[in-house]
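Structure file entry16.cif (mmCIF, C-alpha atoms and all ligand atoms) follows.
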```
data_upload
loop_
_atom_site.group_PDB
_atom_site.id
_atom_site.type_symbol
_atom_site.label_atom_id
_atom_site.label_comp_id
_atom_site.auth_asym_id
_atom_site.auth_seq_id
_atom_site.Cartn_x
_atom_site.Cartn_y
_atom_site.Cartn_z
ATOM 1 C CA MET A 288 112.366 105.308 118.114
ATOM 2 C CA ILE A 289 112.788 107.416 114.964
ATOM 3 C CA ILE A 290 109.629 109.499 114.808
ATOM 4 C CA GLY A 291 108.517 112.742 113.201
ATOM 5 C CA SER A 292 105.811 114.284 111.095
ATOM 6 C CA HIS A 293 105.080 116.209 107.983
ATOM 7 C CA VAL A 294 106.413 119.788 108.406
ATOM 8 C CA SER A 295 106.505 122.976 106.306
ATOM 9 C CA PHE A 296 109.403 124.018 104.017
ATOM 10 C CA LYS A 297 108.054 127.555 103.451
ATOM 11 C CA GLY A 298 110.057 130.651 104.409
ATOM 12 C CA ASP A 299 113.527 129.590 105.480
ATOM 13 C CA GLN A 300 113.272 126.177 103.790
ATOM 14 C CA LEU A 301 115.036 123.258 105.557
ATOM 15 C CA LEU A 302 115.915 125.471 108.546
ATOM 16 C CA GLY A 303 112.205 126.151 109.145
ATOM 17 C CA SER A 304 111.434 122.441 108.772
ATOM 18 C CA VAL A 305 114.037 121.524 111.408
ATOM 19 C CA LYS A 306 112.746 124.172 113.845
ATOM 20 C CA GLU A 307 109.181 122.909 113.409
ATOM 21 C CA ALA A 308 110.241 119.267 113.932
ATOM 22 C CA ILE A 309 112.127 120.185 117.129
ATOM 23 C CA SER A 310 109.024 121.996 118.431
ATOM 24 C CA TYR A 311 107.139 118.676 118.145
ATOM 25 C CA GLY A 312 109.784 116.697 120.064
ATOM 26 C CA ALA A 313 110.579 114.807 116.833
ATOM 27 C CA ASN A 314 113.937 113.355 115.779
ATOM 28 C CA THR A 315 113.096 113.272 112.073
ATOM 29 C CA PHE A 316 110.602 114.916 109.668
ATOM 30 C CA MET A 317 109.128 114.950 106.164
ATOM 31 C CA PHE A 318 108.689 117.998 103.911
ATOM 32 C CA TYR A 319 107.597 118.954 100.387
ATOM 33 C CA THR A 320 109.979 121.286 98.509
ATOM 34 C CA GLY A 321 106.927 123.399 97.528
ATOM 35 C CA ALA A 322 103.145 123.036 97.242
ATOM 36 C CA PRO A 323 102.173 119.331 96.991
ATOM 37 C CA GLN A 324 99.640 120.218 94.264
ATOM 38 C CA ASN A 325 102.012 121.928 91.806
ATOM 39 C CA THR A 326 105.520 121.683 90.376
ATOM 40 C CA MET A 327 106.673 125.283 90.952
ATOM 41 C CA ARG A 328 109.856 125.214 93.046
ATOM 42 C CA SER A 329 112.280 127.900 94.255
ATOM 43 C CA PRO A 330 116.051 127.316 94.227
ATOM 44 C CA ILE A 331 117.643 125.793 97.332
ATOM 45 C CA ASN A 332 119.232 128.414 99.611
ATOM 46 C CA ASP A 333 122.566 127.005 100.863
ATOM 47 C CA THR A 334 122.736 129.355 103.869
ATOM 48 C CA TYR A 335 119.451 127.940 105.219
ATOM 49 C CA THR A 336 120.625 124.404 104.449
ATOM 50 C CA ASN A 337 123.890 124.839 106.357
ATOM 51 C CA GLU A 338 122.142 126.390 109.362
ATOM 52 C CA ALA A 339 119.602 123.546 109.259
ATOM 53 C CA LYS A 340 122.400 120.970 109.377
ATOM 54 C CA THR A 341 124.015 122.650 112.406
ATOM 55 C CA LEU A 342 120.653 122.713 114.182
ATOM 56 C CA MET A 343 120.007 119.036 113.308
ATOM 57 C CA ALA A 344 123.403 118.000 114.694
ATOM 58 C CA ALA A 345 122.722 119.865 117.944
ATOM 59 C CA ASN A 346 119.340 118.143 118.309
ATOM 60 C CA ASN A 347 120.157 114.542 117.452
ATOM 61 C CA ILE A 348 118.411 114.573 114.081
ATOM 62 C CA ASP A 349 120.215 112.314 111.619
ATOM 63 C CA ILE A 350 119.742 113.739 108.111
ATOM 64 C CA ASN A 351 119.743 110.166 106.749
ATOM 65 C CA ASN A 352 116.338 109.711 108.416
ATOM 66 C CA VAL A 353 114.840 112.862 106.869
ATOM 67 C CA VAL A 354 112.322 112.359 104.076
ATOM 68 C CA CYS A 355 111.106 114.551 101.214
ATOM 69 C CA HIS A 356 107.753 113.876 99.507
ATOM 70 C CA ALA A 357 107.304 114.516 95.770
ATOM 71 C CA PRO A 358 104.170 116.464 94.720
ATOM 72 C CA TYR A 359 101.040 114.411 93.920
ATOM 73 C CA ILE A 360 100.750 116.031 90.517
ATOM 74 C CA ILE A 361 103.351 113.909 88.743
ATOM 75 C CA ASN A 362 101.598 110.795 87.499
ATOM 76 C CA LEU A 363 104.081 108.475 85.834
ATOM 77 C CA ALA A 364 101.332 105.943 85.043
ATOM 78 C CA ASP A 365 99.144 108.425 83.161
ATOM 79 C CA TYR A 366 100.804 107.869 79.831
ATOM 80 C CA GLU A 367 99.221 109.932 77.048
ATOM 81 C CA ASN A 368 102.297 110.818 75.019
ATOM 82 C CA ASP A 369 106.060 110.924 75.462
ATOM 83 C CA ASP A 370 106.034 114.677 76.227
ATOM 84 C CA LYS A 371 103.782 114.270 79.229
ATOM 85 C CA TYR A 372 105.673 111.210 80.471
ATOM 86 C CA ASN A 373 109.045 112.934 80.025
ATOM 87 C CA PHE A 374 107.801 116.013 81.881
ATOM 88 C CA GLY A 375 107.094 113.781 84.885
ATOM 89 C CA ILE A 376 110.493 112.103 84.649
ATOM 90 C CA ASN A 377 112.296 115.442 84.293
ATOM 91 C CA PHE A 378 110.496 116.874 87.295
ATOM 92 C CA LEU A 379 111.485 113.787 89.281
ATOM 93 C CA ILE A 380 115.136 114.246 88.260
ATOM 94 C CA GLN A 381 115.049 117.928 89.334
ATOM 95 C CA GLU A 382 113.452 116.950 92.653
ATOM 96 C CA LEU A 383 116.123 114.291 93.276
ATOM 97 C CA LYS A 384 118.834 116.862 92.474
ATOM 98 C CA ARG A 385 117.219 119.343 94.890
ATOM 99 C CA ILE A 386 117.304 116.812 97.742
ATOM 100 C CA GLU A 387 120.871 115.857 96.869
ATOM 101 C CA ALA A 388 121.743 119.580 97.226
ATOM 102 C CA LEU A 389 120.055 119.501 100.653
ATOM 103 C CA GLY A 390 121.895 116.333 101.664
ATOM 104 C CA VAL A 391 118.577 114.497 102.155
ATOM 105 C CA LYS A 392 118.508 110.840 101.145
ATOM 106 C CA TYR A 393 114.875 109.801 100.612
ATOM 107 C CA LEU A 394 112.214 110.998 98.177
ATOM 108 C CA VAL A 395 108.760 109.430 98.652
ATOM 109 C CA VAL A 396 106.844 109.183 95.369
ATOM 110 C CA HIS A 397 103.274 108.000 94.681
ATOM 111 C CA PRO A 398 103.262 105.471 91.864
ATOM 112 C CA GLY A 399 100.376 107.195 90.035
ATOM 113 C CA SER A 400 97.022 106.187 88.575
ATOM 114 C CA SER A 401 96.596 104.131 85.420
ATOM 115 C CA LEU A 402 94.136 106.406 83.619
ATOM 116 C CA LYS A 403 94.887 105.324 80.044
ATOM 117 C CA LEU A 404 97.352 102.435 80.050
ATOM 118 C CA ASP A 405 96.324 98.948 81.108
ATOM 119 C CA ARG A 406 97.451 98.079 84.594
ATOM 120 C CA MET A 407 100.483 95.970 83.705
ATOM 121 C CA GLU A 408 101.792 98.551 81.217
ATOM 122 C CA ALA A 409 101.168 101.331 83.749
ATOM 123 C CA LEU A 410 103.239 99.539 86.413
ATOM 124 C CA LYS A 411 106.063 99.045 83.918
ATOM 125 C CA ALA A 412 105.899 102.728 82.871
ATOM 126 C CA ILE A 413 106.308 103.718 86.541
ATOM 127 C CA GLY A 414 109.263 101.362 87.074
ATOM 128 C CA ASN A 415 110.887 102.577 83.876
ATOM 129 C CA ALA A 416 110.471 106.249 84.866
ATOM 130 C CA PHE A 417 112.155 105.557 88.225
ATOM 131 C CA LYS A 418 114.941 103.720 86.417
ATOM 132 C CA ILE A 419 115.657 106.702 84.133
ATOM 133 C CA ALA A 420 115.483 109.209 87.012
ATOM 134 C CA LEU A 421 117.874 107.179 89.179
ATOM 135 C CA THR A 422 120.331 106.688 86.326
ATOM 136 C CA ARG A 423 120.541 110.471 85.874
ATOM 137 C CA THR A 424 121.132 111.268 89.560
ATOM 138 C CA ASP A 425 123.842 110.332 92.034
ATOM 139 C CA HIS A 426 122.797 108.962 95.394
ATOM 140 C CA ALA A 427 119.305 110.078 96.472
ATOM 141 C CA GLU A 428 116.862 107.172 96.812
ATOM 142 C CA ILE A 429 113.227 106.915 95.711
ATOM 143 C CA LEU A 430 110.715 105.328 98.087
ATOM 144 C CA VAL A 431 107.619 104.222 96.184
ATOM 145 C CA GLU A 432 104.574 104.483 98.472
ATOM 146 C CA THR A 433 102.003 101.726 98.980
ATOM 147 C CA MET A 434 98.580 103.107 97.993
ATOM 148 C CA ALA A 435 94.969 102.652 99.174
ATOM 149 C CA GLY A 436 93.550 101.747 95.749
ATOM 150 C CA LYS A 437 91.393 104.837 95.341
ATOM 151 C CA GLY A 438 90.186 105.056 91.712
ATOM 152 C CA SER A 439 92.835 103.517 89.455
ATOM 153 C CA GLU A 440 95.813 104.018 91.812
ATOM 154 C CA CYS A 441 98.739 101.688 91.154
ATOM 155 C CA GLY A 442 100.945 100.086 93.807
ATOM 156 C CA THR A 443 98.113 98.792 95.982
ATOM 157 C CA ASN A 444 99.479 95.333 96.772
ATOM 158 C CA LEU A 445 102.832 93.564 97.139
ATOM 159 C CA ASN A 446 102.804 92.086 93.633
ATOM 160 C CA GLU A 447 102.348 95.523 92.059
ATOM 161 C CA ILE A 448 105.107 97.039 94.201
ATOM 162 C CA LYS A 449 107.380 94.148 93.265
ATOM 163 C CA LEU A 450 106.702 94.623 89.556
ATOM 164 C CA ILE A 451 107.643 98.320 89.826
ATOM 165 C CA LEU A 452 110.875 97.422 91.677
ATOM 166 C CA ASP A 453 111.737 94.624 89.239
ATOM 167 C CA THR A 454 111.177 96.898 86.221
ATOM 168 C CA CYS A 455 113.325 99.654 87.740
ATOM 169 C CA ASP A 456 116.034 97.168 88.733
ATOM 170 C CA ASN A 457 118.030 99.722 90.744
ATOM 171 C CA PRO A 458 118.973 99.308 94.438
ATOM 172 C CA ARG A 459 118.168 103.015 94.981
ATOM 173 C CA LEU A 460 114.446 102.257 94.587
ATOM 174 C CA LYS A 461 112.900 101.200 97.911
ATOM 175 C CA VAL A 462 109.436 101.313 99.509
ATOM 176 C CA CYS A 463 107.468 103.574 101.866
ATOM 177 C CA LEU A 464 104.629 101.826 103.731
ATOM 178 C CA ASP A 465 101.589 103.861 104.819
ATOM 179 C CA THR A 466 99.389 102.287 107.513
ATOM 180 C CA CYS A 467 96.217 104.139 106.391
ATOM 181 C CA HIS A 468 96.818 103.114 102.778
ATOM 182 C CA LEU A 469 97.524 99.511 103.811
ATOM 183 C CA ASN A 470 94.298 99.351 105.856
ATOM 184 C CA ASP A 471 92.249 100.875 103.054
ATOM 185 C CA SER A 472 93.835 98.534 100.504
ATOM 186 C CA GLY A 473 92.736 95.525 102.600
ATOM 187 C CA VAL A 474 95.752 94.769 104.849
ATOM 188 C CA ASP A 475 94.651 94.288 108.479
ATOM 189 C CA ILE A 476 97.179 96.201 110.624
ATOM 190 C CA ASN A 477 96.389 93.776 113.476
ATOM 191 C CA GLU A 478 98.086 91.166 111.259
ATOM 192 C CA PHE A 479 101.073 93.411 110.481
ATOM 193 C CA GLU A 480 103.606 90.687 111.407
ATOM 194 C CA GLN A 481 102.157 88.497 108.669
ATOM 195 C CA TYR A 482 102.315 91.370 106.188
ATOM 196 C CA LEU A 483 105.997 91.919 107.034
ATOM 197 C CA THR A 484 106.714 88.219 106.528
ATOM 198 C CA ASP A 485 104.988 88.335 103.128
ATOM 199 C CA PHE A 486 106.866 91.538 102.273
ATOM 200 C CA ASP A 487 110.160 89.925 103.257
ATOM 201 C CA ASN A 488 109.504 86.789 101.213
ATOM 202 C CA LEU A 489 108.517 88.682 98.071
ATOM 203 C CA ILE A 490 110.573 91.900 98.184
ATOM 204 C CA GLY A 491 112.949 91.842 101.188
ATOM 205 C CA ILE A 492 112.408 93.720 104.433
ATOM 206 C CA ASP A 493 115.616 95.749 103.871
ATOM 207 C CA LYS A 494 113.731 97.543 101.074
ATOM 208 C CA ILE A 495 111.470 99.372 103.565
ATOM 209 C CA GLY A 496 112.886 102.915 103.831
ATOM 210 C CA CYS A 497 110.080 104.721 105.676
ATOM 211 C CA VAL A 498 106.691 104.064 107.292
ATOM 212 C CA HIS A 499 103.891 106.656 107.266
ATOM 213 C CA ILE A 500 101.928 106.269 110.500
ATOM 214 C CA ASN A 501 98.285 107.282 110.076
ATOM 215 C CA ASP A 502 95.005 106.003 111.431
ATOM 216 C CA SER A 503 92.171 105.669 108.882
ATOM 217 C CA LYS A 504 88.697 107.225 108.751
ATOM 218 C CA ASN A 505 87.467 104.224 106.762
ATOM 219 C CA GLU A 506 87.028 100.479 107.093
ATOM 220 C CA LEU A 507 89.534 97.802 106.105
ATOM 221 C CA GLY A 508 89.506 97.448 102.305
ATOM 222 C CA SER A 509 87.468 100.618 101.698
ATOM 223 C CA HIS A 510 89.895 101.955 98.996
ATOM 224 C CA LYS A 511 89.376 105.513 100.269
ATOM 225 C CA ASP A 512 92.619 107.081 101.672
ATOM 226 C CA ARG A 513 91.426 109.508 104.350
ATOM 227 C CA HIS A 514 93.890 109.830 107.222
ATOM 228 C CA GLU A 515 92.732 110.049 110.851
ATOM 229 C CA ASN A 516 94.539 111.054 114.055
ATOM 230 C CA ILE A 517 96.346 108.269 115.918
ATOM 231 C CA GLY A 518 93.868 106.193 117.924
ATOM 232 C CA PHE A 519 90.775 107.937 116.528
ATOM 233 C CA GLY A 520 90.264 105.755 113.459
ATOM 234 C CA THR A 521 89.472 102.188 112.453
ATOM 235 C CA ILE A 522 93.061 100.912 112.920
ATOM 236 C CA GLY A 523 93.386 102.018 116.528
ATOM 237 C CA PHE A 524 96.198 103.097 118.834
ATOM 238 C CA ASP A 525 97.465 99.662 119.918
ATOM 239 C CA ALA A 526 97.857 98.289 116.391
ATOM 240 C CA LEU A 527 99.750 101.432 115.315
ATOM 241 C CA ILE A 528 102.033 101.332 118.372
ATOM 242 C CA LYS A 529 102.973 97.760 117.487
ATOM 243 C CA VAL A 530 103.998 98.895 114.001
ATOM 244 C CA ILE A 531 106.056 101.775 115.438
ATOM 245 C CA ASN A 532 107.775 99.517 117.979
ATOM 246 C CA ASN A 533 108.295 96.556 115.626
ATOM 247 C CA PRO A 534 111.933 95.476 116.186
ATOM 248 C CA GLN A 535 112.375 94.632 112.500
ATOM 249 C CA LEU A 536 111.641 98.275 111.618
ATOM 250 C CA LYS A 537 113.669 99.774 114.478
ATOM 251 C CA ASP A 538 115.977 101.777 112.175
ATOM 252 C CA VAL A 539 113.246 102.904 109.778
ATOM 253 C CA PRO A 540 111.892 106.478 110.156
ATOM 254 C CA LYS A 541 108.175 106.723 111.103
ATOM 255 C CA ILE A 542 106.341 109.800 109.837
ATOM 256 C CA LEU A 543 102.912 111.087 110.944
ATOM 257 C CA GLU A 544 100.643 112.554 108.241
ATOM 258 C CA THR A 545 97.583 112.860 110.451
ATOM 259 C CA PRO A 546 95.128 115.742 109.939
ATOM 260 C CA TYR A 547 95.303 119.122 111.674
ATOM 261 C CA ILE A 548 92.718 119.595 114.448
ATOM 262 C CA LYS A 549 90.035 122.179 113.754
ATOM 263 C CA ILE A 550 89.764 124.525 116.750
ATOM 264 C CA ASN A 551 87.284 126.961 115.160
ATOM 265 C CA ASP A 552 86.342 128.285 111.713
ATOM 266 C CA ASN A 553 89.564 130.288 111.455
ATOM 267 C CA LEU A 554 92.056 128.056 113.226
ATOM 268 C CA SER A 555 93.391 124.529 112.792
ATOM 269 C CA LEU A 556 96.410 123.302 114.765
ATOM 270 C CA ALA A 557 99.006 120.598 114.128
ATOM 271 C CA PRO A 558 98.493 117.556 116.396
ATOM 272 C CA TYR A 559 102.062 116.281 116.085
ATOM 273 C CA LYS A 560 103.598 117.394 119.384
ATOM 274 C CA GLU A 561 100.765 115.747 121.304
ATOM 275 C CA GLU A 562 100.611 112.631 119.102
ATOM 276 C CA ILE A 563 104.385 112.100 119.371
ATOM 277 C CA ALA A 564 104.172 112.441 123.182
ATOM 278 C CA MET A 565 101.326 109.893 123.189
ATOM 279 C CA ILE A 566 103.343 107.493 121.024
ATOM 280 C CA LYS A 567 106.454 107.836 123.203
ATOM 281 C CA SER A 568 104.417 107.165 126.365
ATOM 282 C CA GLY A 569 102.616 104.244 124.693
ATOM 283 C CA THR A 570 99.246 105.320 126.114
ATOM 284 C CA PHE A 571 96.280 106.634 124.157
ATOM 285 C CA ASN A 572 94.798 109.926 125.342
ATOM 286 C CA PRO A 573 91.248 110.485 124.029
ATOM 287 C CA GLU A 574 91.500 114.129 125.166
ATOM 288 C CA LEU A 575 93.890 114.999 122.298
ATOM 289 C CA ILE A 576 91.947 118.132 121.282
ATOM 290 C CA ASN A 577 91.967 119.502 124.843
ATOM 291 C CA LEU A 578 95.696 118.826 125.162
ATOM 292 C CA ILE A 579 96.308 120.758 121.930
ATOM 293 C CA LYS A 580 94.156 123.653 123.155
ATOM 294 C CA ASP A 581 95.946 123.700 126.526
ATOM 295 C CA ASN A 582 99.387 123.697 124.890
ATOM 296 C CA ALA A 583 98.281 126.551 122.599
ATOM 297 C CA GLY A 584 96.864 128.485 125.559
ATOM 298 C CA ILE A 585 93.325 128.475 124.120
HETATM 299 FE FE FE B 601 102.082 110.029 100.245
HETATM 300 FE FE FE B 602 101.546 108.548 103.116
HETATM 301 ZN ZN ZN B 603 97.252 109.044 102.046
#
```
Step by step, read the file and then write its structure as structure tokens.
Amino acid sequence: MIIGSHVSFKGDQLLGSVKEAISYGANTFMFYTGAPQNTMRSPINDTYTNEAKTLMAANNIDINNVVCHAPYIINLADYENDDKYNFGINFLIQELKRIEALGVKYLVVHPGSSLKLDRMEALKAIGNAFKIALTRTDHAEILVETMAGKGSECGTNLNEIKLILDTCDNPRLKVCLDTCHLNDSGVDINEFEQYLTDFDNLIGIDKIGCVHINDSKNELGSHKDRHENIGFGTIGFDALIKVINNPQLKDVPKILETPYIKINDNLSLAPYKEEIAMIKSGTFNPELINLIKDNAGI
């Protein structure tokens, strides 16, 4: 099982991310190179990167399973003028170069929202942006994420994802599934086998590079995108465990992006150590919050 969670990149960059992942009992992780809401980024510190790699090797973390997530702010479908579009593409190129400097393979990117272009043109603009960014970088791969369909989000069904991939026409563009987004877009996770068959027929199962494992606060087809802790939402523990243990996705990293647990007005704690333990044991524990408090000595 290749499982991890979203972790921080603040302070000592990749080294801090690795330490945090190890503290959760994870064997992979996902990070943002800076704040998800902006495009300000500090240069990569090679000393931290090298120490991170040594620590990964000692803890059975394969860097090929590590994932970076691009900030939400770049919207390659919000075409207003070439300057704005090119800014997004240039940021994407810089982000790909940063992860290449880290030795990380995957960059998850949200397709964007079609605010001004019609849907078909928006999807083509996204695919074209990925194509340019991949042409100007060496080996890092983009994973376009399946979205819930909130507002005018693009990439909310298999046909839209396929159109983006076909437009890009580069083997370094693959796909990141997100179970909360799939549920909210109308895919029943209880019928995940069927979804995988459809995915394989249309796109090819080898194009799945990562799966985000989240429960959902909302009903099937709600188009909302609000993540819930594993087993506490509308998808449920058993359906999510089946996704995680699906033999066809055995070699694909699974990443938790579930919400922090609010302990009191001043303190929220990460649930990942306890959720990963629950996933490994295969049994749901409704006392998650008490487990987290116990482990934190509260
Ligand atoms: Fe995402
Ligand atoms: Fe996600
Ligand atoms: Zn989401």
Original post:
Which residue out of A:Glu447, A:Glu382, A:Asp512, A:Asp405 has the minimum interatomic distance to Leu469 of chain A when all atoms listed in the file are used?
Top reply: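 Going through A:Glu447, A:Glu382, A:Asp512, A:Asp405 one by one, the smallest distance to Leu469 of chain A is for A:Asp512.
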Original post:
Once you count only C-alpha atoms and all ligand atoms, which residues end up within 9 Å of ligand FE 602 (chain B), and could you hand them over as an MDAnalysis selection string?
Top reply: chainID A and resid 356 395 397 432:434 463:468 498:501 514 542:544
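Restricting the calculation to all atoms listed in the file, the smallest distance between Asp365 of chain A and any of A:Lys567, A:Lys560, A:Lys411, A:Lys392 is found for A:Lys411.
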For segment 436-441 of chain A, I'd like the enclosing box, axis-aligned and padded by 6 Å on every side, reported as JSON with centre and edge lengths in Å to one decimal.
```
{"center_x": 94.5, "center_y": 103.4, "center_z": 92.6, "size_x": 20.6, "size_y": 15.4, "size_z": 18.3}
```
What do you get, as a PDB file with C-alpha atoms, keeping the file's coordinate frame, if you spell out every residue that the PyMOL selection byres (((chain A and resi 583) around 12) and not hetatm) selects here?
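To be explicit, this is the file written out as expr_34.pdb:
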```
ATOM      1  CA  ILE A 550      89.764 124.525 116.750  1.00  0.00           C
ATOM      2  CA  LEU A 554      92.056 128.056 113.226  1.00  0.00           C
ATOM      3  CA  SER A 555      93.391 124.529 112.792  1.00  0.00           C
ATOM      4  CA  LEU A 556      96.410 123.302 114.765  1.00  0.00           C
ATOM      5  CA  ALA A 557      99.006 120.598 114.128  1.00  0.00           C
ATOM      6  CA  PRO A 558      98.493 117.556 116.396  1.00  0.00           C
ATOM      7  CA  LYS A 560     103.598 117.394 119.384  1.00  0.00           C
ATOM      8  CA  GLU A 561     100.765 115.747 121.304  1.00  0.00           C
ATOM      9  CA  ILE A 576      91.947 118.132 121.282  1.00  0.00           C
ATOM     10  CA  ASN A 577      91.967 119.502 124.843  1.00  0.00           C
ATOM     11  CA  LEU A 578      95.696 118.826 125.162  1.00  0.00           C
ATOM     12  CA  ILE A 579      96.308 120.758 121.930  1.00  0.00           C
ATOM     13  CA  LYS A 580      94.156 123.653 123.155  1.00  0.00           C
ATOM     14  CA  ASP A 581      95.946 123.700 126.526  1.00  0.00           C
ATOM     15  CA  ASN A 582      99.387 123.697 124.890  1.00  0.00           C
ATOM     16  CA  GLY A 584      96.864 128.485 125.559  1.00  0.00           C
ATOM     17  CA  ILE A 585      93.325 128.475 124.120  1.00  0.00           C
TER      18      ILE A 585
END
```
Once the PyMOL selection byres (((chain A and resi 357) around 12) and not hetatm) has been applied to the shown file, what residues remain in the selection, as a JSON list (two decimals) with C-alpha atoms, in the frame of the given file?
```
[["chain", "number", "residue", "atom", "x", "y", "z"],
["A", 317, "MET", "CA", 109.13, 114.95, 106.16],
["A", 318, "PHE", "CA", 108.69, 118.00, 103.91],
["A", 319, "TYR", "CA", 107.60, 118.95, 100.39],
["A", 320, "THR", "CA", 109.98, 121.29, 98.51],
["A", 321, "GLY", "CA", 106.93, 123.40, 97.53],
["A", 322, "ALA", "CA", 103.14, 123.04, 97.24],
["A", 323, "PRO", "CA", 102.17, 119.33, 96.99],
["A", 324, "GLN", "CA", 99.64, 120.22, 94.26],
["A", 325, "ASN", "CA", 102.01, 121.93, 91.81],
["A", 326, "THR", "CA", 105.52, 121.68, 90.38],
["A", 327, "MET", "CA", 106.67, 125.28, 90.95],
["A", 328, "ARG", "CA", 109.86, 125.21, 93.05],
["A", 354, "VAL", "CA", 112.32, 112.36, 104.08],
["A", 355, "CYS", "CA", 111.11, 114.55, 101.21],
["A", 356, "HIS", "CA", 107.75, 113.88, 99.51],
["A", 358, "PRO", "CA", 104.17, 116.46, 94.72],
["A", 359, "TYR", "CA", 101.04, 114.41, 93.92],
["A", 360, "ILE", "CA", 100.75, 116.03, 90.52],
["A", 361, "ILE", "CA", 103.35, 113.91, 88.74],
["A", 362, "ASN", "CA", 101.60, 110.80, 87.50],
["A", 375, "GLY", "CA", 107.09, 113.78, 84.88],
["A", 376, "ILE", "CA", 110.49, 112.10, 84.65],
["A", 378, "PHE", "CA", 110.50, 116.87, 87.30],
["A", 379, "LEU", "CA", 111.48, 113.79, 89.28],
["A", 380, "ILE", "CA", 115.14, 114.25, 88.26],
["A", 381, "GLN", "CA", 115.05, 117.93, 89.33],
["A", 382, "GLU", "CA", 113.45, 116.95, 92.65],
["A", 383, "LEU", "CA", 116.12, 114.29, 93.28],
["A", 385, "ARG", "CA", 117.22, 119.34, 94.89],
["A", 386, "ILE", "CA", 117.30, 116.81, 97.74],
["A", 393, "TYR", "CA", 114.88, 109.80, 100.61],
["A", 394, "LEU", "CA", 112.21, 111.00, 98.18],
["A", 395, "VAL", "CA", 108.76, 109.43, 98.65],
["A", 396, "VAL", "CA", 106.84, 109.18, 95.37],
["A", 397, "HIS", "CA", 103.27, 108.00, 94.68],
["A", 398, "PRO", "CA", 103.26, 105.47, 91.86],
["A", 399, "GLY", "CA", 100.38, 107.20, 90.04],
["A", 429, "ILE", "CA", 113.23, 106.92, 95.71],
["A", 430, "LEU", "CA", 110.72, 105.33, 98.09],
["A", 431, "VAL", "CA", 107.62, 104.22, 96.18],
["A", 432, "GLU", "CA", 104.57, 104.48, 98.47]]
```
**OP:** Considering all atoms listed in the file, state which residue in the set A:Asn505, A:Lys403, A:Ile566, A:His293 is at the smallest distance from ligand FE 601 (chain B).
**Re:**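 Nearest to ligand FE 601 (chain B): A:His293.
In this structure, atom CA of Leu421 of chain A sits 15.5 Å away from atom CA of Tyr372 of chain A.
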